[in-house]
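Structure file upload.pdb with PDB, C-alpha atoms and all ligand atoms:
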ATOM      1  CA  MET W   1     102.803 105.318 136.959
ATOM      2  CA  ARG W   2     104.421 105.501 133.583
ATOM      3  CA  ARG W   3     107.814 106.077 135.143
ATOM      4  CA  PHE W   4     107.330 103.030 137.298
ATOM      5  CA  LEU W   5     106.336 100.873 134.354
ATOM      6  CA  CYS W   6     109.308 102.050 132.336
ATOM      7  CA  ALA W   7     111.663 101.188 135.163
ATOM      8  CA  VAL W   8     110.116  97.748 135.364
ATOM      9  CA  ALA W   9     110.478  97.303 131.627
ATOM     10  CA  ILE W  10     114.142  98.256 131.715
ATOM     11  CA  VAL W  11     114.843  95.819 134.492
ATOM     12  CA  LEU W  12     113.094  93.062 132.625
ATOM     13  CA  LEU W  13     114.943  93.928 129.453
ATOM     14  CA  ALA W  14     118.216  93.625 131.292
ATOM     15  CA  PHE W  15     117.267  90.159 132.354
ATOM     16  CA  GLY W  16     115.744  89.597 128.919
ATOM     17  CA  GLN W  17     119.175  88.885 127.519
ATOM     18  CA  THR W  18     118.746  85.341 128.693
ATOM     19  CA  HIS W  19     115.106  84.857 127.830
ATOM     20  CA  ALA W  20     114.343  81.594 126.191
ATOM     21  CA  ASP W  21     113.705  80.969 122.529
ATOM     22  CA  ILE W  22     111.287  78.619 120.866
ATOM     23  CA  THR W  23     112.844  76.542 118.101
ATOM     24  CA  PHE W  24     110.694  76.918 115.003
ATOM     25  CA  ASN W  25     111.040  74.208 112.372
ATOM     26  CA  PHE W  26     109.448  74.964 109.033
ATOM     27  CA  ASN W  27     108.685  72.298 106.461
ATOM     28  CA  TYR W  28     108.023  73.690 102.984
ATOM     29  CA  VAL W  29     106.049  71.448 100.645
ATOM     30  CA  ASP W  30     106.875  73.779  97.751
ATOM     31  CA  VAL W  31     110.548  73.023  98.296
ATOM     32  CA  ASN W  32     110.082  69.320  98.985
ATOM     33  CA  THR W  33     108.268  68.906  95.679
ATOM     34  CA  ASN W  34     110.558  71.200  93.696
ATOM     35  CA  SER W  35     107.476  73.078  92.619
ATOM     36  CA  GLY W  36     109.368  76.143  91.468
ATOM     37  CA  PHE W  37     106.540  78.194  92.950
ATOM     38  CA  GLY W  38     105.838  80.099  96.131
ATOM     39  CA  PHE W  39     108.473  79.264  98.718
ATOM     40  CA  ASP W  40     110.392  77.416  95.980
ATOM     41  CA  ASP W  41     110.276  80.291  93.514
ATOM     42  CA  ALA W  42     113.674  80.565  91.806
ATOM     43  CA  ALA W  43     113.974  84.292  92.383
ATOM     44  CA  GLU W  44     112.009  84.872  95.593
ATOM     45  CA  GLY W  45     111.777  81.536  97.402
ATOM     46  CA  ALA W  46     114.843  81.874  99.600
ATOM     47  CA  THR W  47     113.896  85.435 100.511
ATOM     48  CA  ARG W  48     110.385  84.318 101.420
ATOM     49  CA  ARG W  49     111.676  81.544 103.643
ATOM     50  CA  ALA W  50     114.031  84.016 105.316
ATOM     51  CA  THR W  51     111.077  86.313 105.967
ATOM     52  CA  VAL W  52     109.180  83.461 107.622
ATOM     53  CA  GLN W  53     112.191  82.889 109.867
ATOM     54  CA  SER W  54     112.263  86.611 110.649
ATOM     55  CA  VAL W  55     108.653  86.336 111.808
ATOM     56  CA  ALA W  56     109.598  83.426 114.053
ATOM     57  CA  ASP W  57     112.481  85.487 115.441
ATOM     58  CA  TYR W  58     110.082  88.349 116.117
ATOM     59  CA  ILE W  59     107.641  86.067 117.935
ATOM     60  CA  ASN W  60     110.553  84.989 120.116
ATOM     61  CA  THR W  61     111.006  88.608 121.186
ATOM     62  CA  VAL W  62     107.389  88.703 122.344
ATOM     63  CA  VAL W  63     106.813  85.368 124.055
ATOM     64  CA  ASP W  64     109.204  83.680 126.454
ATOM     65  CA  HIS W  65     109.272  79.903 126.053
ATOM     66  CA  ASN W  66     111.907  77.347 125.122
ATOM     67  CA  GLY W  67     110.021  74.507 123.452
ATOM     68  CA  THR W  68     109.694  73.663 119.786
ATOM     69  CA  VAL W  69     107.150  74.380 117.061
ATOM     70  CA  ASP W  70     106.907  72.317 113.870
ATOM     71  CA  ILE W  71     105.003  74.049 111.086
ATOM     72  CA  THR W  72     104.301  72.804 107.571
ATOM     73  CA  TRP W  73     103.714  75.294 104.825
ATOM     74  CA  ASN W  74     101.484  73.345 102.479
ATOM     75  CA  ALA W  75     101.689  73.704  98.701
ATOM     76  CA  SER W  76     101.186  77.370  97.979
ATOM     77  CA  ILE W  77      98.010  78.576  96.320
ATOM     78  CA  ASN W  78      98.239  80.264  92.929
ATOM     79  CA  ASP W  79      94.955  82.153  92.634
ATOM     80  CA  SER W  80      95.175  85.794  91.660
ATOM     81  CA  GLY W  81      91.395  86.138  91.792
ATOM     82  CA  SER W  82      90.948  84.936  95.357
ATOM     83  CA  SER W  83      90.528  87.386  98.217
ATOM     84  CA  VAL W  84      92.376  85.008 100.547
ATOM     85  CA  LEU W  85      96.019  85.810 101.202
ATOM     86  CA  GLY W  86      96.826  83.005 103.592
ATOM     87  CA  SER W  87      95.663  80.656 106.306
ATOM     88  CA  MET W  88      97.120  78.692 109.190
ATOM     89  CA  GLY W  89      96.019  76.764 112.196
ATOM     90  CA  SER W  90      97.246  74.566 114.984
ATOM     91  CA  PHE W  91      96.336  70.929 115.232
ATOM     92  CA  TYR W  92      94.295  69.763 118.217
ATOM     93  CA  PHE W  93      93.487  66.417 119.732
ATOM     94  CA  GLN W  94      89.837  65.471 119.717
ATOM     95  CA  ASN W  95      88.161  65.263 123.097
ATOM     96  CA  ALA W  96      90.849  67.448 124.641
ATOM     97  CA  GLY W  97      88.424  69.620 126.591
ATOM     98  CA  ILE W  98      89.726  73.194 126.502
ATOM     99  CA  ALA W  99      93.065  73.471 124.728
ATOM    100  CA  ASN W 100      95.295  75.811 122.756
ATOM    101  CA  GLY W 101      96.469  73.105 120.411
ATOM    102  CA  PHE W 102      99.735  71.412 119.519
ATOM    103  CA  VAL W 103     101.658  74.592 118.730
ATOM    104  CA  PHE W 104     101.108  76.053 122.190
ATOM    105  CA  ASP W 105     101.677  72.765 123.950
ATOM    106  CA  HIS W 106     104.903  71.972 122.095
ATOM    107  CA  ALA W 107     106.242  75.527 122.457
ATOM    108  CA  THR W 108     105.509  75.829 126.153
ATOM    109  CA  THR W 109     106.317  72.325 127.388
ATOM    110  CA  GLY W 110     108.901  71.093 124.909
ATOM    111  CA  VAL W 111     106.956  67.856 124.676
ATOM    112  CA  ASP W 112     105.918  66.938 121.132
ATOM    113  CA  PRO W 113     102.150  66.289 121.349
ATOM    114  CA  LEU W 114     102.258  63.725 118.569
ATOM    115  CA  GLY W 115     105.750  62.647 117.661
ATOM    116  CA  GLY W 116     106.467  62.620 113.977
ATOM    117  CA  PHE W 117     103.596  64.947 113.143
ATOM    118  CA  ASP W 118     103.509  68.677 112.689
ATOM    119  CA  ASP W 119     101.999  71.012 115.228
ATOM    120  CA  GLY W 120     100.300  73.221 112.684
ATOM    121  CA  SER W 121     100.045  73.961 108.995
ATOM    122  CA  GLY W 122      99.184  76.790 106.678
ATOM    123  CA  GLN W 123      99.584  78.140 103.204
ATOM    124  CA  ILE W 124     100.050  81.377 101.331
ATOM    125  CA  ASN W 125      98.373  82.467  98.115
ATOM    126  CA  PHE W 126     101.376  83.421  96.042
ATOM    127  CA  GLY W 127      99.096  84.143  93.105
ATOM    128  CA  LYS W 128      98.800  87.612  94.619
ATOM    129  CA  THR W 129     101.506  90.247  94.338
ATOM    130  CA  TRP W 130     103.841  90.122  97.328
ATOM    131  CA  ASN W 131     106.573  92.051  99.007
ATOM    132  CA  SER W 132     108.728  89.102  99.973
ATOM    133  CA  ASP W 133     111.543  90.847 101.840
ATOM    134  CA  LEU W 134     111.831  93.190 104.807
ATOM    135  CA  GLY W 135     111.748  96.387 102.771
ATOM    136  CA  ALA W 136     108.558  98.399 102.505
ATOM    137  CA  PRO W 137     105.819  97.087 100.211
ATOM    138  CA  THR W 138     104.999  99.136  97.151
ATOM    139  CA  ALA W 139     101.440 100.283  96.486
ATOM    140  CA  GLY W 140     100.187  97.034  94.966
ATOM    141  CA  GLU W 141     102.080  94.557  97.119
ATOM    142  CA  PHE W 142     100.889  92.568 100.117
ATOM    143  CA  ASP W 143     103.474  92.331 102.836
ATOM    144  CA  LEU W 144     104.607  88.763 103.458
ATOM    145  CA  PHE W 145     105.994  89.436 106.951
ATOM    146  CA  THR W 146     102.702  91.003 108.017
ATOM    147  CA  VAL W 147     100.592  88.171 106.662
ATOM    148  CA  VAL W 148     102.852  85.403 107.970
ATOM    149  CA  LEU W 149     102.844  86.999 111.426
ATOM    150  CA  HIS W 150      99.058  87.136 111.295
ATOM    151  CA  GLU W 151      98.735  83.519 110.203
ATOM    152  CA  MET W 152     101.253  82.209 112.700
ATOM    153  CA  THR W 153      99.372  84.024 115.455
ATOM    154  CA  HIS W 154      96.328  81.930 114.629
ATOM    155  CA  ALA W 155      98.544  78.884 115.109
ATOM    156  CA  LEU W 156      99.593  80.268 118.494
ATOM    157  CA  GLY W 157      95.973  79.896 119.570
ATOM    158  CA  PHE W 158      94.361  83.168 118.487
ATOM    159  CA  ALA W 159      91.642  81.061 116.908
ATOM    160  CA  SER W 160      88.012  80.180 117.336
ATOM    161  CA  LEU W 161      86.829  76.629 116.831
ATOM    162  CA  PHE W 162      83.174  77.672 116.901
ATOM    163  CA  ASN W 163      81.011  76.780 113.957
ATOM    164  CA  SER W 164      78.033  78.974 113.142
ATOM    165  CA  SER W 165      75.718  77.113 115.520
ATOM    166  CA  GLY W 166      78.029  77.093 118.536
ATOM    167  CA  GLY W 167      79.358  73.626 117.946
ATOM    168  CA  THR W 168      83.019  72.924 117.572
ATOM    169  CA  GLU W 169      85.168  72.167 114.553
ATOM    170  CA  ILE W 170      87.165  69.680 116.645
ATOM    171  CA  LEU W 171      85.059  66.996 118.281
ATOM    172  CA  GLY W 172      85.124  67.321 122.050
ATOM    173  CA  THR W 173      87.604  70.203 122.024
ATOM    174  CA  ARG W 174      87.164  73.927 122.609
ATOM    175  CA  SER W 175      89.913  76.505 122.221
ATOM    176  CA  VAL W 176      91.096  78.468 125.235
ATOM    177  CA  TYR W 177      90.354  81.528 123.098
ATOM    178  CA  ASP W 178      86.707  80.467 122.767
ATOM    179  CA  SER W 179      86.457  79.944 126.511
ATOM    180  CA  LEU W 180      87.092  83.687 126.954
ATOM    181  CA  ILE W 181      84.404  84.921 124.554
ATOM    182  CA  GLU W 182      81.355  86.784 125.828
ATOM    183  CA  ASP W 183      78.140  88.078 124.323
ATOM    184  CA  GLY W 184      77.181  91.741 124.451
ATOM    185  CA  SER W 185      75.843  91.322 127.989
ATOM    186  CA  GLY W 186      79.097  89.894 129.315
ATOM    187  CA  ASN W 187      77.913  86.292 129.425
ATOM    188  CA  ARG W 188      80.396  83.638 128.357
ATOM    189  CA  LEU W 189      79.389  81.528 125.375
ATOM    190  CA  LEU W 190      80.863  78.403 126.933
ATOM    191  CA  SER W 191      80.272  76.745 130.262
ATOM    192  CA  GLY W 192      83.111  74.272 130.374
ATOM    193  CA  THR W 193      82.918  72.820 126.893
ATOM    194  CA  SER W 194      79.147  73.289 126.586
ATOM    195  CA  PHE W 195      77.761  76.048 124.390
ATOM    196  CA  VAL W 196      75.398  78.206 126.446
ATOM    197  CA  GLY W 197      75.155  81.194 124.114
ATOM    198  CA  ASN W 198      72.916  81.818 121.140
ATOM    199  CA  ALA W 199      73.837  80.985 117.558
ATOM    200  CA  SER W 200      72.731  84.495 116.595
ATOM    201  CA  ASP W 201      75.661  85.831 118.632
ATOM    202  CA  PHE W 202      78.024  84.803 115.847
ATOM    203  CA  THR W 203      76.446  87.195 113.364
ATOM    204  CA  GLY W 204      75.265  89.901 115.729
ATOM    205  CA  GLY W 205      78.333  92.147 115.758
ATOM    206  CA  ASP W 206      78.560  92.131 119.551
ATOM    207  CA  LEU W 207      81.037  89.454 120.594
ATOM    208  CA  HIS W 208      83.963  90.225 122.873
ATOM    209  CA  ILE W 209      86.976  88.434 124.296
ATOM    210  CA  ASP W 210      87.750  88.903 127.978
ATOM    211  CA  VAL W 211      91.491  89.462 128.358
ATOM    212  CA  GLY W 212      91.344  90.159 132.064
ATOM    213  CA  SER W 213      91.948  93.891 132.159
ATOM    214  CA  THR W 214      89.346  94.641 129.501
ATOM    215  CA  THR W 215      87.247  93.102 126.761
ATOM    216  CA  LEU W 216      87.939  93.504 123.052
ATOM    217  CA  GLU W 217      85.342  93.243 120.305
ATOM    218  CA  LEU W 218      85.648  90.377 117.871
ATOM    219  CA  TYR W 219      84.720  90.230 114.213
ATOM    220  CA  ALA W 220      81.150  88.937 113.932
ATOM    221  CA  PRO W 221      79.669  90.183 110.649
ATOM    222  CA  GLY W 222      76.065  89.524 109.626
ATOM    223  CA  THR W 223      77.124  86.594 107.462
ATOM    224  CA  PHE W 224      79.151  83.911 109.238
ATOM    225  CA  LEU W 225      82.507  83.535 107.516
ATOM    226  CA  PRO W 226      84.149  80.248 108.517
ATOM    227  CA  GLY W 227      87.742  80.837 109.559
ATOM    228  CA  SER W 228      87.289  84.584 109.694
ATOM    229  CA  SER W 229      84.289  85.313 111.928
ATOM    230  CA  VAL W 230      85.141  85.329 115.638
ATOM    231  CA  SER W 231      88.844  84.556 115.038
ATOM    232  CA  HIS W 232      89.767  88.238 114.569
ATOM    233  CA  PHE W 233      89.295  91.631 116.133
ATOM    234  CA  ASP W 234      86.459  93.756 114.885
ATOM    235  CA  PHE W 235      87.689  96.681 112.794
ATOM    236  CA  SER W 236      86.304  99.036 115.436
ATOM    237  CA  VAL W 237      89.000  97.954 117.901
ATOM    238  CA  SER W 238      91.614 100.694 118.241
ATOM    239  CA  GLY W 239      95.261 100.194 117.416
ATOM    240  CA  ASP W 240      97.359  98.769 114.602
ATOM    241  CA  ASN W 241      96.257  95.258 115.350
ATOM    242  CA  ILE W 242      97.862  92.356 113.552
ATOM    243  CA  MET W 243      94.712  90.331 114.120
ATOM    244  CA  PHE W 244      92.243  92.356 112.097
ATOM    245  CA  PRO W 245      90.503  90.196 109.449
ATOM    246  CA  GLY W 246      92.105  91.895 106.464
ATOM    247  CA  ILE W 247      94.882  94.102 105.207
ATOM    248  CA  ALA W 248      95.204  96.567 102.367
ATOM    249  CA  ALA W 249      97.895  96.212  99.738
ATOM    250  CA  GLY W 250     100.828  98.541 100.189
ATOM    251  CA  THR W 251     100.780  98.409 103.991
ATOM    252  CA  ALA W 252     103.003  96.656 106.471
ATOM    253  CA  ASN W 253     102.427  95.995 110.146
ATOM    254  CA  ARG W 254     105.209  93.921 111.610
ATOM    255  CA  ALA W 255     104.671  94.229 115.344
ATOM    256  CA  TYR W 256     101.916  93.204 117.694
ATOM    257  CA  SER W 257      99.666  95.850 119.152
ATOM    258  CA  GLU W 258      98.947  95.913 122.845
ATOM    259  CA  ASN W 259      95.616  94.257 122.040
ATOM    260  CA  ASP W 260      97.300  91.423 120.145
ATOM    261  CA  ARG W 261      99.580  90.897 123.139
ATOM    262  CA  LEU W 262      96.703  90.974 125.609
ATOM    263  CA  VAL W 263      95.008  88.091 123.846
ATOM    264  CA  LEU W 264      98.199  86.045 123.657
ATOM    265  CA  ALA W 265      98.738  86.578 127.375
ATOM    266  CA  ALA W 266      95.106  85.800 128.173
ATOM    267  CA  ILE W 267      95.264  82.420 126.464
ATOM    268  CA  GLY W 268      98.403  81.500 128.386
ATOM    269  CA  TRP W 269     101.583  82.721 126.673
ATOM    270  CA  ASN W 270     104.299  84.356 128.753
ATOM    271  CA  VAL W 271     104.363  87.714 127.008
ATOM    272  CA  VAL W 272     107.403  89.933 127.463
ATOM    273  CA  PRO W 273     106.462  93.477 128.559
ATOM    274  CA  ILE W 274     106.564  96.192 125.917
ATOM    275  CA  PRO W 275     109.354  98.747 126.377
ATOM    276  CA  GLU W 276     108.017 102.232 127.128
ATOM    277  CA  PRO W 277     108.242 105.120 124.602
ATOM    278  CA  GLY W 278     111.770 106.324 124.280
ATOM    279  CA  CYS W 279     112.922 102.757 123.885
ATOM    280  CA  GLY W 280     111.878 103.049 120.260
ATOM    281  CA  VAL W 281     109.681  99.987 119.944
ATOM    282  CA  ILE W 282     105.984  99.404 119.295
ATOM    283  CA  LEU W 283     104.492 102.447 120.951
ATOM    284  CA  CYS W 284     106.623 104.765 118.865
ATOM    285  CA  ILE W 285     105.410 103.274 115.601
ATOM    286  CA  THR W 286     103.084 105.513 113.622
ATOM    287  CA  GLY W 287     101.627 105.479 110.180
ATOM    288  CA  VAL W 288     100.930 101.770 109.983
ATOM    289  CA  VAL W 289      97.253 101.441 109.323
ATOM    290  CA  PHE W 290      94.689  99.090 108.005
ATOM    291  CA  VAL W 291      92.586 101.561 106.081
ATOM    292  CA  VAL W 292      88.885 100.912 106.370
ATOM    293  CA  GLY W 293      87.221 101.742 103.112
ATOM    294  CA  ARG W 294      90.130 100.788 100.930
ATOM    295  CA  ARG W 295      89.952  97.443  99.285
ATOM    296  CA  ARG W 296      91.113  94.880 101.753
ATOM    297  CA  LYS W 297      92.124  91.339 101.214
ATOM    298  CA  ASN W 298      91.070  88.670 103.563
ATOM    299  CA  LEU W 299      93.353  86.901 105.880
ATOM    300  CA  VAL W 300      91.821  83.735 107.199
TER
HETATM  301 ZN    ZN W 401      93.251  85.578 110.272
END
Here is a file; write its structure as structure tokens.
Ligand SMILES: [Zn+2]
Amino acid sequence: MRRFLCAVAIVLLAFGQTHADITFNFNYVDVNTNSGFGFDDAAEGATRRATVQSVADYINTVVDHNGTVDITWNASINDSGSSVLGSMGSFYFQNAGIANGFVFDHATTGVDPLGGFDDGSGQINFGKTWNSDLGAPTAGEFDLFTVVLHEMTHALGFASLFNSSGGTEILGTRSVYDSLIEDGSGNRLLSGTSFVGNASDFTGGDLHIDVGSTTLELYAPGTFLPGSSVSHFDFSVSGDNIMFPGIAAGTANRAYSENDRLVLAAIGWNVVPIPEPGCGVILCITGVVFVVGRRRKNLV
């Protein structure tokens, strides 16, 4: 079976030379306002913006679409005491039913959902200590590539719109991601756009997302954490997952796990198959860990 899959992967890679690219346009408020901070930092700003572009280039190796994505990086946060490293989300229309948001729609159709407006926005807390480039982070540094990849993946649609009572943060709209979530008994929380679960599910530690071939446990701690609960994998999920809720300083993880890819595919992205071991990508990576028990910082 493995031999067969590898052969398939090689064939697809050969054709992959022509696979399409999404055009990512990044708008940096730090730069527009000459803030001198964050993405406009005199020493690090250009490097940081190049790292964001490197993340976009990486995403283009994973998903195969030829539309456009317009992202605004809002004014960077400068809060060394905060546990938040960054945040990002897609915009959605109200009353859209079940949707992935503007980022997905623009990337996959090429049609700008709302001309003249961005598809998503986010920000980074540059009050923390960062590794801005593509070298390895030192012990006290958070890895910008890792965090930007995580945040941009939320914008791709790896995001719950549930509030703590099962309602939605966007009136009349549910995320495709939320439509795939089940309770511990395998019952979906949504029927169409109607919530048919129990509010206690969100803090019960037993939520899962159905990705077709399997289900994967989602982060549902005893206290509901807006923006973090449900929108990430539980730490018990195996693998070096980009979409865990937090990351330790001094670690980098710059490639999606199989689980990350499964969710992206389940919500509708055309995900390029992973080359088999021997090709030197993904499955060969070792030593990249989110260490449970070490002090983690929250990604939102
Ligand atoms: Zn997150």
Residues within 7 Å of ligand ZN 401 (chain W), counting all atoms listed in the file: report them as number ranges by chain. W: 87, 150-151, 154, 228, 231-232, 243, 245, 299-300
Can you list, as JSON, numbers by chain, every protein, DNA or RNA residue that comes within 12 Å of Asn66 of chain W when you count all atoms listed in the file, leaving out same-chain residues fewer than 5 positions away? {"W": [18, 19, 20, 21, 22, 23, 24, 60, 61, 104, 105, 106, 107, 108, 109, 110, 111, 269, 270]}
Just checking: using all atoms listed in the file, which residue out of W:Ala96, W:Leu207, W:Leu134, W:Leu114 ends up closest to Gly172 of chain W?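 That would be W:Ala96, the residue with the smallest distance to Gly172 of chain W.
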Result set of the PyMOL selection byres (((chain W and resi 144) around 12) and not hetatm) on the coordinates above, as a PyMOL selection string: chain W and resi 38-39+44-45+47-55+85-86+123-126+128-137+141-143+145-152+247+249-254+299
Could you dump the residues just selected with C-alpha atoms as a PDB file, in the frame of the given file?
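What landed in again35.pdb:
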ATOM      1  CA  GLY W  38     105.838  80.099  96.131  1.00  0.00           C
ATOM      2  CA  PHE W  39     108.473  79.264  98.718  1.00  0.00           C
ATOM      3  CA  GLU W  44     112.009  84.872  95.593  1.00  0.00           C
ATOM      4  CA  GLY W  45     111.777  81.536  97.402  1.00  0.00           C
ATOM      5  CA  THR W  47     113.896  85.435 100.511  1.00  0.00           C
ATOM      6  CA  ARG W  48     110.385  84.318 101.420  1.00  0.00           C
ATOM      7  CA  ARG W  49     111.676  81.544 103.643  1.00  0.00           C
ATOM      8  CA  ALA W  50     114.031  84.016 105.316  1.00  0.00           C
ATOM      9  CA  THR W  51     111.077  86.313 105.967  1.00  0.00           C
ATOM     10  CA  VAL W  52     109.180  83.461 107.622  1.00  0.00           C
ATOM     11  CA  GLN W  53     112.191  82.889 109.867  1.00  0.00           C
ATOM     12  CA  SER W  54     112.263  86.611 110.649  1.00  0.00           C
ATOM     13  CA  VAL W  55     108.653  86.336 111.808  1.00  0.00           C
ATOM     14  CA  LEU W  85      96.019  85.810 101.202  1.00  0.00           C
ATOM     15  CA  GLY W  86      96.826  83.005 103.592  1.00  0.00           C
ATOM     16  CA  GLN W 123      99.584  78.140 103.204  1.00  0.00           C
ATOM     17  CA  ILE W 124     100.050  81.377 101.331  1.00  0.00           C
ATOM     18  CA  ASN W 125      98.373  82.467  98.115  1.00  0.00           C
ATOM     19  CA  PHE W 126     101.376  83.421  96.042  1.00  0.00           C
ATOM     20  CA  LYS W 128      98.800  87.612  94.619  1.00  0.00           C
ATOM     21  CA  THR W 129     101.506  90.247  94.338  1.00  0.00           C
ATOM     22  CA  TRP W 130     103.841  90.122  97.328  1.00  0.00           C
ATOM     23  CA  ASN W 131     106.573  92.051  99.007  1.00  0.00           C
ATOM     24  CA  SER W 132     108.728  89.102  99.973  1.00  0.00           C
ATOM     25  CA  ASP W 133     111.543  90.847 101.840  1.00  0.00           C
ATOM     26  CA  LEU W 134     111.831  93.190 104.807  1.00  0.00           C
ATOM     27  CA  GLY W 135     111.748  96.387 102.771  1.00  0.00           C
ATOM     28  CA  ALA W 136     108.558  98.399 102.505  1.00  0.00           C
ATOM     29  CA  PRO W 137     105.819  97.087 100.211  1.00  0.00           C
ATOM     30  CA  GLU W 141     102.080  94.557  97.119  1.00  0.00           C
ATOM     31  CA  PHE W 142     100.889  92.568 100.117  1.00  0.00           C
ATOM     32  CA  ASP W 143     103.474  92.331 102.836  1.00  0.00           C
ATOM     33  CA  PHE W 145     105.994  89.436 106.951  1.00  0.00           C
ATOM     34  CA  THR W 146     102.702  91.003 108.017  1.00  0.00           C
ATOM     35  CA  VAL W 147     100.592  88.171 106.662  1.00  0.00           C
ATOM     36  CA  VAL W 148     102.852  85.403 107.970  1.00  0.00           C
ATOM     37  CA  LEU W 149     102.844  86.999 111.426  1.00  0.00           C
ATOM     38  CA  HIS W 150      99.058  87.136 111.295  1.00  0.00           C
ATOM     39  CA  GLU W 151      98.735  83.519 110.203  1.00  0.00           C
ATOM     40  CA  MET W 152     101.253  82.209 112.700  1.00  0.00           C
ATOM     41  CA  ILE W 247      94.882  94.102 105.207  1.00  0.00           C
ATOM     42  CA  ALA W 249      97.895  96.212  99.738  1.00  0.00           C
ATOM     43  CA  GLY W 250     100.828  98.541 100.189  1.00  0.00           C
ATOM     44  CA  THR W 251     100.780  98.409 103.991  1.00  0.00           C
ATOM     45  CA  ALA W 252     103.003  96.656 106.471  1.00  0.00           C
ATOM     46  CA  ASN W 253     102.427  95.995 110.146  1.00  0.00           C
ATOM     47  CA  ARG W 254     105.209  93.921 111.610  1.00  0.00           C
ATOM     48  CA  LEU W 299      93.353  86.901 105.880  1.00  0.00           C
TER      49      LEU W 299
END
How big is the axis-aligned box around the listed atoms of segment 130-149 of chain W once 3 Å is added on each side, and where is its centre? Give both in Å to one decimal, as lines of an AutoDock Vina configuration file.
center_x = 106.0
center_y = 92.8
center_z = 103.2
size_x = 17.6
size_y = 20.9
size_z = 22.5
